[in-house]
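Asker: Quick one: the structure is below, and I'll ask about it shortly.
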Amino acid sequence: MPTTTDRTNDFALKIATVNGTGSASANGLLMQAIFRMGIPVSGKNVFPSNIQGLPTWYEIRVNHRGHVARTPRFDLVVAMNNATYERDIRELQPGGYVLYDSSWPLPTSLVRDDVTLLGMPLAQMCVDAFRDGRERLLMKNIAYLGALTALLDVDISVVDTLLEEQYGAKKALLESNHRALRMGREYALKHFDCPLPLRLEAMPRSDDWILIDGNTAAAMGCLFAGATVGAWYPITPSTSLMDAFRGLCARYRRDPVTGKNRYLVLQAEDELAAAGMVLGASWAGARAFTPTSGPGISLMSEFIGLGYYAEIPGVFFDVQRTGPSTGMPTRTQQGDLLLTAYASHGDTKHIVLYPADPGECFTMAVQAFDLAERFQTPVFVLSDLDIGMNDWVCRCFHWDDAYRPDRGKVLGPEQIEKMQAFYRYLDADGDGIAARTYPGVHPKGAYFTRGSGHTKLGTYTEDAAEYQEVMERLARKIASAAEAVPAPIVERRPGASFGVVSIGSCDGAVREALDLLAERGIVADYLRVRGFPFHPSVEEFLLAHDVVYVVEMNRDAQLRSLLALETDMPKTRMRSIRSWGGVPLSADVVVEGILESLVEVHA
Amino acid sequence: MPTTTDRTNDFALKIATVNGTGSASANGLLMQAIFRMGIPVSGKNVFPSNIQGLPTWYEIRVNHRGHVARTPRFDLVVAMNNATYERDIRELQPGGYVLYDSSWPLPTSLVRDDVTLLGMPLAQMCVDAFRDGRERLLMKNIAYLGALTALLDVDISVVDTLLEEQYGAKKALLESNHRALRMGREYALKHFDCPLPLRLEAMPRSDDWILIDGNTAAAMGCLFAGATVGAWYPITPSTSLMDAFRGLCARYRRDPVTGKNRYLVLQAEDELAAAGMVLGASWAGARAFTPTSGPGISLMSEFIGLGYYAEIPGVFFDVQRTGPSTGMPTRTQQGDLLLTAYASHGDTKHIVLYPADPGECFTMAVQAFDLAERFQTPVFVLSDLDIGMNDWVCRCFHWDDAYRPDRGKVLGPEQIEKMQAFYRYLDADGDGIAARTYPGVHPKGAYFTRGSGHTKLGTYTEDAAEYQEVMERLARKIASAAEAVPAPIVERRPGASFGVVSIGSCDGAVREALDLLAERGIVADYLRVRGFPFHPSVEEFLLAHDVVYVVEMNRDAQLRSLLALETDMPKTRMRSIRSWGGVPLSADVVVEGILESLVEVHA
Amino acid sequence: MTTSIPKPKVRHPGLPKNAIGLTHRDYEGAVSTLCAGCGHDSITAAIIRAFWELSIPPHTVAKLSGIGCSSKTPAYFLKEAHGFNAVHGRMPSIAAGAAAANRALTLLGVSGDGDSLSIGLGQFCHAIRRNVRVVYILENNGVYGLTKGQFSASADVGSKAKRGEANRNPPIDPVLLALTLGATFVARSFSGDKAQLVPILKAALTHRGFAFIDVISPCVTFNDHEGSTKSYRFTREHAREVVHADLVPLRGEITASYAEGATTDVRMHDGTVVRLRKVAPDYDPTDRDEAYAYIRERQRSGEVPTGLLYLSPDTTDMHEVEKTVDVPLMSLAHEELCPGSAALDALMAEFR
Amino acid sequence: MTTSIPKPKVRHPGLPKNAIGLTHRDYEGAVSTLCAGCGHDSITAAIIRAFWELSIPPHTVAKLSGIGCSSKTPAYFLKEAHGFNAVHGRMPSIAAGAAAANRALTLLGVSGDGDSLSIGLGQFCHAIRRNVRVVYILENNGVYGLTKGQFSASADVGSKAKRGEANRNPPIDPVLLALTLGATFVARSFSGDKAQLVPILKAALTHRGFAFIDVISPCVTFNDHEGSTKSYRFTREHAREVVHADLVPLRGEITASYAEGATTDVRMHDGTVVRLRKVAPDYDPTDRDEAYAYIRERQRSGEVPTGLLYLSPDTTDMHEVEKTVDVPLMSLAHEELCPGSAALDALMAEFR
Ligand SMILES: Cc1ncc(C[n+]2csc(CCOP(=O)(O)OP(=O)(O)O)c2C)c(N)n1
Ligand SMILES: Cc1ncc(C[n+]2csc(CCOP(=O)(O)OP(=O)(O)O)c2C)c(N)n1
Ligand code: SF4
Ligand code: SF4
Ligand SMILES: [Mg+2]
Ligand SMILES: [Mg+2]
């Protein structure tokens, strides 16, 4: 029988089930329990684009040093789906464990002699313990959770509390869960060598940490930023953002006296309409946003160009998924970097924010509204499925009550009244930004918003010089946003021999990789871009390094392309490391990518 | 009175009128007459996005050396629109001439003492000569044409022939035209010093030349390439392409026996539908195309991604117009270079052809179908308003009857029958291109076309490796098209000290500029890109020059960006020269741009 | 046919003033750049008239449109109102967004048959379904004017193009469509009939919800010839007013008396009464199905029934459906929207 | 409820064969991945049945769909037919293109209520208008299944979501919409009623033009609860068949005799006769306006009228309207399409 070294608080496991069978709640409980034990943890839900009956996985990684990027190296597999047995067992590390349902024998062809099989007649046990068919199915999940509490040494009282919090009111359900949990736990304690070397040990816990997904966090940002109009068309993986916003509004945006809503969410007929609603609402003076994903951005392209040229704010969340076209809607990727930077026909350029985790989804959502209104232009927040839909351990969010929305240059009735005449597109302050007015406010503030050629006075034109004057100002305006977008996070390390640049949800894996490389004596500086147009310090960082590795999650090295286009860094000095199959980046890819390249260079 | 040097067959004139008043036909007659006199000529119609009552200009340039790019330096203005008198007279070269309607006095404020005023009571003359109100309006145009025949020494018999050809059947109309023409001509002969130094002199004429607009030429390409399905939504400046196609089909595509149509043109409800129709028809085995402009491409973005990923051919003509959003629909630009190269979300890249004149619209339309079917992907033909809607003097088109459409790898029933099994996305030949089958042909040829994740066998997948395998092949496939797209036109000149690169309708102005520079001893090599992904010789050319000037018509130097992204040429060695206000490029811009930059470099 | 030519600097003390002291000129806009004789210009004139008569302060209005000759017209009226010339066919979503943000605005949407029935058909239908409060005018000429005369989706079968070719696809009738989709205010008029159109516009402006007005508006340049079914002549000959709307203002009184059954009164949300005078006494313009059947029947006999054809006695607009606060959302202060740090701290506890 | 599980390698000699020697299994596809009990799977079964009964060679069919649970189903039938799973809501344009290219294909489109009535509404309406020859099935469950249960545009007012919240926007009724737009074949059925659905499908397959079938198809996961008006139970209780279609094949003969006025026979282009048995004897399913009025009336009394509700006796599909050649355009040889060099040379003369 194979052995493993002690792996306390440092391992990864994978739970393979079938979607629609209720495993999500058991998996979430495990994740939460580990979180409450104070141990750094991450959970990645790998689910199909389907409602019921297809393979789904939940991957958990714990790491006491805080490295919780996805790893493809699993030490334990909870194999509950015989359709994926082969793959699940194959992907296990030597010395790993398989917890499986022994109600049916495991095909011998799958048996590996370098892993430990832990069979447990889960289905049978549930048939014996529960009456109702649906309950038997659901409780199987809680039973394997029970077994895991024993195998991994999960603090059972934490799980009990969680169940209490979740089902407190529903007594019967609570009782079934308790029973299934205990049943699984006891079976494991009795039949297996518990705990395994892969065990958990509580760590000091602080209130400073929360467990949250990026879409919920972004919705909170919209709430706190004062967004009142949300328009959307459902699309994975952005749907939960609007669900969360509606949930939050139901709690925080009811007028205490009348019970009426201080928000309006419009389920649009499609993404084109959602974009139009956002522009219409922003134009009329509300903070408005839409959550979508790649296909939605493609459909919104025409309206985005209108927003750019007619200078209408709007916040567009693109929770990226894999692929061109429909692609793999339940997989993650960073494939819309080029699209969002230059969306729509003609000369355009847009402000884009790149959150790396739910914490930044919250803060950047707020910043997005401020930037959109300050620069009077559509702003994208480019999240992805991994950030948006998975639960992440984050620092607690804080709010500064001194925050006041930056509504940009909006003239009120008194200001308009005082003016000789109001001209919508006149750059009075020399900063590329012209003042705007809301409809309904003052007769002298009226102007004609249009996507066709207009002069700086706001009148229609087909004259080259007049047209160019406005377009040149727009170029200046967007360029000036480089200083206003969040600066990159830069980490310089003494003795660094090259730089690494990454973006968004790559962050964790890159940081882990840099630590691993440092252990081997290979030291690198690190920069994570957080906004577009790039902050000047991005170019500085690039130029300061002979070689920079650009790590990202798409096939075509889109970040590297953007950097090549928008900075003076020669492309030849930027090497690309990519992972784009739909699963979150892992440190291995980065370490291997850099090592291979270093070898090549020295060969 | 100012004098001008002899400018025989070398001058430019501008006719300023009001749209909807029938000046187009008079202007066209002048242009055609000059063409028939064998003199190199170009005509640019500068019209408003409006149907009636707004200023419109027709610019004609003749140049015996064949330089007929637009010039902003006019030697003669036919000022028929008092709303634009000021501007029209201002834009005249010193020593130039103004032909105006002296039925009303010219405001003295407009009088310049360095130009010659030629007043002629046109309106009055027409009121006297014609009865009907509409006729009086229309014949005014023919009357100024008559005057111009005298002033410029146009061969009047050529004009007579043209009138005969046009109105031969309509006797009354012909008579009116003749009368107006003579009236104008005689007035000029009597009152002015005819001909002016700006005069025309017939040149040896060959049958090798034709006068044609790019949209008509592209429609001919579609006809000859065997396109049977056209789908479109009207949009300036692409509309006339489909009009021409329908006109040609009415002549060439009626079944001689039944009188039924061998083509089907679908006026779609919008551009999204037009794109879908093209993909549906191509998928089912027809050659299908759609003409549109920038806003249409934005709207088609989602479908373009589907075409890319599901590997469905389709030909998309983008006749570019000015601006993001609605912009200036009746002005020209090259603003969709980046968009068409990478349209749609996720990792995509498309084949794009860049015609420079109607001749290439014809040939490239044919090539586009071949490339689309060979590479099984959407192909763009990126023309522009100037090429598409203006009449150009071109070499006569020829057709090689040996041409057979390259339908790409399409399996017929016999081939399918012989196969063990058919897999749609299997790269059997190692060239990145998998064979396809048409629906309805053979049971074993059936497969499921989809924009969602699929394996090389054509089955649905959410697996990273399987997904990536197909996407990697797609990248290879499109990259391999670099050798198949039309190679650039390269002109190397002994002693060249730098290179110039341009695209599309910039060609004429750049060539003229290079000649002008050469006259000053500044010699440059020249390359015009004709396809994307760039032919390998593009990179070679770039790298062979320390400095390359990239000349294009958009604000953001999109061609330079594409070159920076797709070749190893350092961006710093590519200097940008741009003209993007909506009027066609003129040589001055290029000459000045290069001279300024050379001065800077040497300063 | 009227072309509005404002002369902004000149005061005309003699011009009649409305209840808020404004003259007709104060409701005008820039000089029209449409073809002389275009039906759209007459609609512009009717709009100016209706707003003036209702004494609506121009700056409380927002004028929205798509792209097309028709969609240019908002530049030609109410110069003191904000205008929004959106992208082709997508004005309804702009309207929904603007209405969401500021329910106090009076929204006037102007569109064309290409704009609303082809590229924008989906948005048009969904704006009806959402009952966005907007007066939505479809300037219907059976062609795409701005792109030079292609048939639109409202062109009748057999109607001839200028060059003679006949349309062969069945028309989308926006009135029947609106009725089918549950629109709460459905009218059809003719640009050449200001006497009919102005009262309809006024009634529409008092309607709480989507007020749809299809106006046959001949395109003199591309669709006013013999053989066209959207020409001035054809429309004059075939239009039959079946319901005439009169507005009885809040404190007003209509003194004329009508024959029994010849009128139906509908009280609007603001108390205004719309009095519907009917040509067919047994026709009930507040019954959607009857309206539908009646219109179809008349159409079969070659007529183009016009007037305020259907008016729903009760209607809940988007804001009522969504139970939003009574004040414009855009007017809410940050304090009314942001829960603040204490609330966030409390919320955070739920994620621990 | 049937899930199609083809076992391609196994031959079942005992299975009944149709006129072209194929068994039911030959019309199946891949194993369904929909939720057990999903209405869509029953429609799949009905499709398999109808094609088998009509002995249509599977490979002469093209299956088209958009995106959604419903749009996945073409993978589950007719494995020997090409399938095209397009983008969300845009299948009608793919259908128009495919029909244009190859008029010999039998096109079957499958869509959902989200797909056809929200994002794809414009395309859906225009495909009707164009009378593209396609059997168009709308698998109508009142929700977006694939994105987990949001209300679709066909959700009735008051119908409850799983979490209890009631829909407040009026529904778009695709049958009324299709009638209004001049659809030539309009039916409504219920996934749970194969006896009704199979003959409708067969009739649709003989129709030359756009044959529209709205099928109420409950979503067991998100919209089959108490309070939903698209549940199995609600539909069973409220559906009323008003017209039953029987297909009298070319050389067939229906022997059963019916009461006077109880049937209407419609002869299709290929000679097949569709015999419409009517519940209401005075109802004429070939009269569009009567059908519309009748459906509205029944709906007001809470019923869901089903059956082949309207069938236009004469219809010209897109190809007839456009006067294209009888053979598929995609089958024309290069020589039949390319005018050749002599023609070009002649043409060039016109540009000199
Ligand atoms: C996306 C897009 N496609 C096409 C066009 C070109 N276009 C401008 S107006 C128009 C049709 C206008 O017709 P209609 O709405 O009936 O207005 P009308 O001019 O007849 O009043 C079209 C197709 C455009 N502006 N945008
Ligand atoms: C452009 C785009 N927007 C959104 C989606 C997400 N999406 C997939 S299916 C669907 C709705 C499906 O509803 P319906 O058509 O009713 O099918 P059902 O699943 O109910 O059968 C949506 C919104 C998408 N795939 N593409
Ligand atoms: S083209 Fe037609 S619709 Fe447009 S302005 Fe002229 S008359 Fe009016
Ligand atoms: S979610 Fe609903 S529609 Fe989708 S497969 Fe399941 S039951 Fe069917
Ligand atoms: Mg129109
Ligand atoms: Mg549905």
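Residues are named by chain letter and number: chains run A, B, ... in the order of the structure tokens, numbers start at 1 in each chain, and ligands are numbered from 1 in the order shown.
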If we count only C-alpha atoms, what is near Asp155 in chain B at a cut-off of 10 Å, once residues fewer than 2 positions away on the same chain are taken out, given as a ChimeraX atom specification?
Answerer: /B:33-34,36-37,149-150,152-153,157-160,200-202
Asker: Residues within 9 Å of ligand 5 (only C-alpha atoms and all ligand atoms), as a list of chain:residue names?
Answerer: C:Gly68, C:Cys69, C:Ser70, C:Ser111, C:Gly112, C:Asp113, C:Gly114, C:Asp115, C:Leu138, C:Glu139, C:Asn140, C:Asn141, C:Gly142, C:Val143, C:Tyr144, C:Gly145, C:Leu146, C:Gly149, C:Gln150, C:Phe151, C:Ser152, C:Ser154, C:Ser217, C:Pro218, C:Cys219
Asker: With chain D as the partner and 9 Å as the cut-off, tabulate the residues of chain A that qualify, each row holding the nearest pair of atoms and their distance in Å to one decimal, using only C-alpha atoms, sorted by chain and rising number, as a tab-separated table.
Answerer:
residue	atom	partner	partner_atom	distance
A:Gly20	CA	D:Cys35	CA	8.5
A:Ser49	CA	D:Leu146	CA	7.8
A:Asn50	CA	D:Leu146	CA	6.6
A:Ile51	CA	D:Cys35	CA	6.6
A:Gln52	CA	D:Cys35	CA	5.1
A:Gly53	CA	D:Thr33	CA	6.5
A:Leu54	CA	D:Thr33	CA	7.2
A:Tyr233	CA	D:Ile119	CA	8.9
A:Pro234	CA	D:Thr147	CA	6.5
A:Ile235	CA	D:Thr147	CA	6.6
A:Thr236	CA	D:Thr147	CA	6.8
A:Thr239	CA	D:Thr147	CA	7.8
A:Ala268	CA	D:Ser118	CA	8.2
A:Glu269	CA	D:Ser118	CA	4.6
A:Asp270	CA	D:Ile119	CA	4.6
A:Glu271	CA	D:Ile119	CA	7.9
A:Leu272	CA	D:Ile119	CA	8.8
A:Ser325	CA	D:Val87	CA	7.7
A:Thr326	CA	D:Val87	CA	7.1
Asker: Considering only C-alpha atoms, can you say which of A:Gly226, A:Gly504, A:Gly307, A:Gly133 comes closest to chain B?
Answerer: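 The shortest atom-to-atom distance to chain B comes from A:Gly307.
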Asker: May I have the residues within 8 Å of range 197-209 of chain C as an MDAnalysis selection string, using only C-alpha atoms and disregarding those fewer than 4 positions away in the same chain?
Answerer: chainID C and resid 46:47 49:51 54 106 131:135 184:185 187 189:191 193 213 245:247 268:270 272 274 307:308 315:318
Asker: Please find the residues of chain D near chain C - the criterion being any atom within 8 Å, counting only C-alpha atoms - and write them as a PyMOL selection string.
Answerer: chain D and resi 118-122+126+129-130+168-173+176-177+180-182+289+293+296+321
Asker: Distance limit 7 Å, atoms considered: only C-alpha atoms. Which chain B residues sit that close to chain A? Return them as a ChimeraX atom specification.
Answerer: /B:294-295,298-299,301-302,305-306,309,323-328,335-336,339,344-348,451-453,462,464-465,467-468,554-556,561,565,570,581-582
Asker: Would you output that residue set with N, CA, C and O atoms, as a compact mmCIF listing (two decimals), in the first residue's frame?
Answerer:
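Contents of result35.txt, freshly written:
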# COMPACT_ATOMS: atom_id res chain seq x y z
N GLY B 294 -19.70 49.40 -41.43
CA GLY B 294 -19.29 49.24 -40.03
C GLY B 294 -20.38 48.85 -39.05
O GLY B 294 -20.25 47.84 -38.34
N PRO B 295 -21.48 49.62 -38.97
CA PRO B 295 -22.51 49.26 -37.99
C PRO B 295 -23.02 47.85 -38.20
O PRO B 295 -23.33 47.14 -37.23
N SER B 298 -20.59 45.39 -36.65
CA SER B 298 -20.79 45.33 -35.20
C SER B 298 -21.96 44.41 -34.87
O SER B 298 -21.88 43.57 -33.98
N LEU B 299 -23.05 44.58 -35.60
CA LEU B 299 -24.23 43.77 -35.32
C LEU B 299 -24.04 42.30 -35.68
O LEU B 299 -24.66 41.42 -35.10
N SER B 301 -21.37 40.64 -35.26
CA SER B 301 -20.22 40.09 -34.53
C SER B 301 -20.48 38.71 -33.95
O SER B 301 -19.63 37.83 -34.01
N GLU B 302 -21.66 38.52 -33.34
CA GLU B 302 -21.89 37.20 -32.74
C GLU B 302 -21.88 36.11 -33.80
O GLU B 302 -21.25 35.07 -33.62
N GLY B 305 -18.44 35.13 -35.09
CA GLY B 305 -17.76 34.18 -34.20
C GLY B 305 -18.24 32.76 -34.42
O GLY B 305 -17.46 31.80 -34.38
N LEU B 306 -19.53 32.62 -34.67
CA LEU B 306 -20.06 31.29 -34.95
C LEU B 306 -19.45 30.74 -36.24
O LEU B 306 -19.02 29.59 -36.31
N TYR B 309 -15.88 29.64 -35.55
CA TYR B 309 -15.69 28.45 -34.71
C TYR B 309 -16.34 27.20 -35.31
O TYR B 309 -15.81 26.10 -35.22
N GLY B 323 -16.24 56.82 -39.11
CA GLY B 323 -16.58 57.00 -37.72
C GLY B 323 -16.99 55.80 -36.94
O GLY B 323 -17.37 54.78 -37.50
N PRO B 324 -16.91 55.93 -35.62
CA PRO B 324 -17.62 54.97 -34.79
C PRO B 324 -19.11 55.36 -34.83
O PRO B 324 -19.45 56.43 -35.34
N SER B 325 -19.95 54.49 -34.35
CA SER B 325 -21.41 54.68 -34.33
C SER B 325 -21.92 55.05 -35.73
O SER B 325 -21.37 54.61 -36.74
N THR B 326 -22.97 55.86 -35.82
CA THR B 326 -23.51 56.21 -37.13
C THR B 326 -22.51 57.06 -37.91
O THR B 326 -22.39 56.94 -39.13
N GLY B 327 -21.76 57.88 -37.18
CA GLY B 327 -20.68 58.64 -37.81
C GLY B 327 -21.14 59.49 -38.98
O GLY B 327 -22.20 60.10 -38.94
N MET B 328 -20.34 59.50 -40.02
CA MET B 328 -20.71 60.24 -41.23
C MET B 328 -20.90 59.21 -42.34
O MET B 328 -19.93 58.83 -43.01
N GLY B 335 -11.79 52.52 -41.07
CA GLY B 335 -11.88 52.44 -39.60
C GLY B 335 -12.17 51.06 -39.06
O GLY B 335 -12.23 50.88 -37.85
N ASP B 336 -12.36 50.09 -39.95
CA ASP B 336 -12.75 48.77 -39.45
C ASP B 336 -11.65 47.73 -39.60
O ASP B 336 -11.91 46.53 -39.66
N LEU B 339 -11.37 45.82 -36.24
CA LEU B 339 -12.61 45.09 -35.99
C LEU B 339 -12.71 43.84 -36.86
O LEU B 339 -12.97 42.75 -36.35
N SER B 344 -15.73 39.58 -33.05
CA SER B 344 -16.41 38.65 -32.13
C SER B 344 -15.59 38.39 -30.87
O SER B 344 -14.38 38.64 -30.83
N HIS B 345 -16.30 37.92 -29.84
CA HIS B 345 -15.67 37.65 -28.55
C HIS B 345 -14.82 36.38 -28.61
O HIS B 345 -14.96 35.57 -29.51
N GLY B 346 -13.98 36.22 -27.61
CA GLY B 346 -13.10 35.04 -27.56
C GLY B 346 -11.97 35.17 -28.57
O GLY B 346 -11.81 36.18 -29.24
N ASP B 347 -11.19 34.13 -28.68
CA ASP B 347 -10.05 34.14 -29.61
C ASP B 347 -10.53 33.89 -31.03
O ASP B 347 -11.00 32.79 -31.34
N THR B 348 -10.43 34.89 -31.88
CA THR B 348 -10.82 34.72 -33.27
C THR B 348 -9.83 35.48 -34.15
O THR B 348 -9.15 36.39 -33.70
N GLY B 451 -21.87 26.10 -32.25
CA GLY B 451 -20.91 27.06 -31.75
C GLY B 451 -20.44 26.74 -30.36
O GLY B 451 -19.62 27.46 -29.79
N SER B 452 -20.95 25.65 -29.80
CA SER B 452 -20.48 25.24 -28.46
C SER B 452 -19.32 24.28 -28.61
O SER B 452 -19.03 23.78 -29.70
N GLY B 453 -18.64 24.03 -27.50
CA GLY B 453 -17.42 23.23 -27.51
C GLY B 453 -17.60 21.91 -28.25
O GLY B 453 -18.57 21.20 -28.01
N GLU B 462 -16.86 19.50 -23.16
CA GLU B 462 -16.50 20.53 -22.20
C GLU B 462 -15.12 20.21 -21.62
O GLU B 462 -14.76 20.68 -20.56
N ALA B 464 -11.11 20.29 -21.60
CA ALA B 464 -10.08 21.27 -21.99
C ALA B 464 -9.25 20.79 -23.18
O ALA B 464 -9.09 21.50 -24.17
N ALA B 465 -8.72 19.59 -23.09
CA ALA B 465 -7.82 19.10 -24.12
C ALA B 465 -8.53 18.96 -25.45
O ALA B 465 -8.01 19.38 -26.50
N TYR B 467 -11.22 20.46 -26.43
CA TYR B 467 -11.58 21.78 -26.90
C TYR B 467 -10.38 22.48 -27.53
O TYR B 467 -10.45 23.04 -28.63
N GLN B 468 -9.28 22.42 -26.81
CA GLN B 468 -8.07 23.12 -27.28
C GLN B 468 -7.55 22.56 -28.60
O GLN B 468 -7.05 23.29 -29.44
N ASN B 554 -7.56 56.32 -40.79
CA ASN B 554 -8.33 56.21 -39.56
C ASN B 554 -7.56 56.94 -38.48
O ASN B 554 -6.38 57.23 -38.64
N ARG B 555 -8.23 57.24 -37.40
CA ARG B 555 -7.62 58.03 -36.34
C ARG B 555 -6.51 57.28 -35.60
O ARG B 555 -5.48 57.85 -35.25
N ASP B 556 -6.76 56.00 -35.36
CA ASP B 556 -5.93 55.28 -34.41
C ASP B 556 -4.81 54.45 -35.02
O ASP B 556 -4.25 53.59 -34.33
N SER B 561 -1.15 49.21 -36.11
CA SER B 561 -1.40 48.30 -34.98
C SER B 561 -1.42 46.86 -35.45
O SER B 561 -0.80 45.99 -34.83
N LEU B 565 1.13 43.98 -34.31
CA LEU B 565 0.67 42.76 -33.66
C LEU B 565 1.10 41.51 -34.41
O LEU B 565 1.42 40.49 -33.81
N PRO B 570 9.38 46.07 -35.15
CA PRO B 570 9.18 46.88 -33.95
C PRO B 570 8.32 48.11 -34.29
O PRO B 570 8.51 48.75 -35.32
N GLY B 581 -10.67 62.39 -41.95
CA GLY B 581 -11.83 63.27 -41.80
C GLY B 581 -12.99 62.89 -42.70
O GLY B 581 -14.02 63.55 -42.68
N GLY B 582 -12.82 61.87 -43.51
CA GLY B 582 -13.93 61.43 -44.32
C GLY B 582 -13.74 61.67 -45.80
O GLY B 582 -14.49 61.13 -46.61
Asker: Give the answer as one residue: which of C:Leu64, C:Ala155, C:Ala349, C:Leu337 has the shortest atom-to-atom distance to Ser231 in chain C, using only C-alpha atoms?
Answerer: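 Checking each of C:Leu64, C:Ala155, C:Ala349, C:Leu337 against Ser231 in chain C, counting only C-alpha atoms, the winner is C:Ala155.
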Asker: So that I can check the secondary structure, give me every residue of range 34-132 of chain C assigned strand (DSSP E) by backbone DSSP, as a VMD selection string.
Answerer: chain C and resid 61 to 65 82 to 85 106 to 112
Asker: Please save N, CA and C atoms of the selected residues as a CSV table (one decimal), in the first residue's frame.
Answerer:
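In the end it all went to part20.csv:
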chain,number,residue,atom,x,y,z
C,61,VAL,N,-39.7,67.4,-21.6
C,61,VAL,CA,-40.0,66.3,-22.6
C,61,VAL,C,-38.6,65.8,-23.1
C,62,ALA,N,-38.5,64.5,-23.4
C,62,ALA,CA,-37.3,64.0,-24.0
C,62,ALA,C,-37.8,63.3,-25.3
C,63,LYS,N,-37.1,63.7,-26.4
C,63,LYS,CA,-37.5,63.2,-27.7
C,63,LYS,C,-36.5,62.1,-28.1
C,64,LEU,N,-37.0,61.0,-28.5
C,64,LEU,CA,-36.2,59.8,-28.8
C,64,LEU,C,-36.5,59.3,-30.2
C,65,SER,N,-35.5,58.8,-30.8
C,65,SER,CA,-35.7,58.3,-32.2
C,65,SER,C,-34.6,57.3,-32.5
C,82,HIS,N,-34.5,67.8,-24.6
C,82,HIS,CA,-33.3,67.0,-24.9
C,82,HIS,C,-33.8,66.0,-26.0
C,83,GLY,N,-32.9,65.7,-26.9
C,83,GLY,CA,-33.2,64.7,-28.0
C,83,GLY,C,-32.2,63.6,-28.0
C,84,PHE,N,-32.6,62.5,-28.4
C,84,PHE,CA,-31.7,61.3,-28.4
C,84,PHE,C,-32.0,60.6,-29.7
C,85,ASN,N,-31.0,60.7,-30.6
C,85,ASN,CA,-31.1,60.0,-31.9
C,85,ASN,C,-30.2,58.8,-31.8
C,106,THR,N,-41.6,63.4,-19.9
C,106,THR,CA,-42.6,63.0,-20.9
C,106,THR,C,-41.8,62.5,-22.1
C,107,LEU,N,-41.9,61.3,-22.4
C,107,LEU,CA,-41.1,60.7,-23.5
C,107,LEU,C,-41.9,60.6,-24.8
C,108,LEU,N,-41.3,61.1,-25.8
C,108,LEU,CA,-41.9,61.1,-27.1
C,108,LEU,C,-40.9,60.3,-28.1
C,109,GLY,N,-41.4,59.2,-28.6
C,109,GLY,CA,-40.5,58.4,-29.5
C,109,GLY,C,-41.0,58.6,-30.9
C,110,VAL,N,-40.1,58.8,-31.8
C,110,VAL,CA,-40.4,58.9,-33.2
C,110,VAL,C,-39.6,57.8,-34.0
C,111,SER,N,-40.3,57.1,-34.8
C,111,SER,CA,-39.6,56.0,-35.5
C,111,SER,C,-40.2,55.9,-36.9
C,112,GLY,N,-39.5,55.0,-37.7
C,112,GLY,CA,-40.0,54.7,-39.0
C,112,GLY,C,-40.4,53.3,-39.2
Asker: Name the residues in contact with Glu91 in chain B at a cut-off of 8 Å, using only C-alpha atoms, excluding same-chain residues fewer than 6 positions from it; report them as number ranges by chain.
Answerer: B: 72-74
